[in-house]
Amino acid sequence: MGVGFTEGSTSVTVAASAVPQRVVLDARPQAALRLYGVPPAGAGPDCYLRWVPLLPSWIEPCSVALPGRGARSDEPSLTDPAYFSARLAAVLDDWAEGGSSAEGGSA
């Protein structure tokens, strides 16, 4: 079953699960801000794990697990820029604790 998305002349159908997922690389409940790194070129969120010890405690390092990349490489990639950016913005704007944590370098 898919979810239809129409914005302007863009129309695409994707699986309902084909959305970016927040990955908290190191939970820091007292952090003043979250820093997100979007994985490049087919990589997964674990590519930013080496940054964790370099950041001050007031920054919570996060990333996103994207369909078609890293551990989710068996899922179809999001190729429509309007749909992708809308779904990514929803993940970044959601401060609820609905994200998944990466432990030991896997997401």
# chains A, B, ... in the order shown; residues from 1 in each chain; ligands from 1
>>> select_by_dssp(residues="region 9-103 of chain A", states="strand (DSSP E or B)", output="ChimeraX atom specification")
/A:10-15,21-24,33-37,59-65,100-101,103
>>> atom_distance(atom1="CA of Ala43 (chain A)", atom2="CA of Trp58 (chain A)")
26.1 Å
>>> closest_residue(among="A:Pro29, A:Gly37, A:Pro56, A:Gly42", to="Asp74 (chain A)", atoms="only C-alpha atoms")
A:Gly42
>>> atom_distance(atom1="CA of Gln30 (chain A)", atom2="CA of Leu55 (chain A)")
13.8 Å
>>> residues_around(residues="Leu35 (chain A)", least_positions_apart="2", cutoff="7 Å", atoms="only C-alpha atoms", output="CSV table (one decimal) with C-alpha atoms, in the first residue's frame")
chain,number,residue,atom,x,y,z
A,33,LEU,CA,20.3,21.9,20.5
A,37,GLY,CA,24.0,15.2,9.8
A,59,ILE,CA,24.8,19.5,21.5
A,60,GLU,CA,22.9,16.3,20.9
A,61,PRO,CA,24.3,14.6,17.7
A,62,CYS,CA,21.6,13.2,15.4
>>> closest_atom_pairs(of="region 44-74 of chain A", to="region 83-96 of chain A", cutoff="12 Å", atoms="only C-alpha atoms", output="JSON lines")
{"residue": "A:Cys62", "atom": "CA", "partner": "A:Leu92", "partner_atom": "CA", "distance": 9.8}
{"residue": "A:Ser63", "atom": "CA", "partner": "A:Leu92", "partner_atom": "CA", "distance": 9.5}
{"residue": "A:Val64", "atom": "CA", "partner": "A:Val91", "partner_atom": "CA", "distance": 8.4}
{"residue": "A:Ala65", "atom": "CA", "partner": "A:Leu88", "partner_atom": "CA", "distance": 10.3}
{"residue": "A:Leu66", "atom": "CA", "partner": "A:Leu88", "partner_atom": "CA", "distance": 9.2}
{"residue": "A:Pro67", "atom": "CA", "partner": "A:Phe84", "partner_atom": "CA", "distance": 10.3}
>>> write_last_selection(atoms="N, CA and C atoms", output="CSV table (one decimal), in the first residue's frame")
chain,number,residue,atom,x,y,z
A,62,CYS,N,22.6,14.0,16.1
A,62,CYS,CA,21.6,13.2,15.4
A,62,CYS,C,21.9,13.0,14.0
A,63,SER,N,21.2,12.1,13.4
A,63,SER,CA,21.3,11.9,11.9
A,63,SER,C,20.0,11.4,11.5
A,64,VAL,N,19.9,10.9,10.2
A,64,VAL,CA,18.6,10.3,9.7
A,64,VAL,C,19.0,9.1,9.0
A,65,ALA,N,18.2,8.1,9.1
A,65,ALA,CA,18.3,6.8,8.3
A,65,ALA,C,17.3,7.0,7.1
A,66,LEU,N,17.9,7.0,5.9
A,66,LEU,CA,17.1,7.3,4.7
A,66,LEU,C,16.9,6.0,4.0
A,67,PRO,N,15.7,5.8,3.4
A,67,PRO,CA,15.4,4.6,2.6
A,67,PRO,C,16.3,4.6,1.4
>>> atom_distance(atom1="CA of Arg28 (chain A)", atom2="CA of Ala41 (chain A)")
27.6 Å
>>> closest_residue(among="A:Tyr36, A:Cys47, A:Ala18, A:Ser57", to="Ser73 (chain A)", atoms="only C-alpha atoms")
A:Ala18
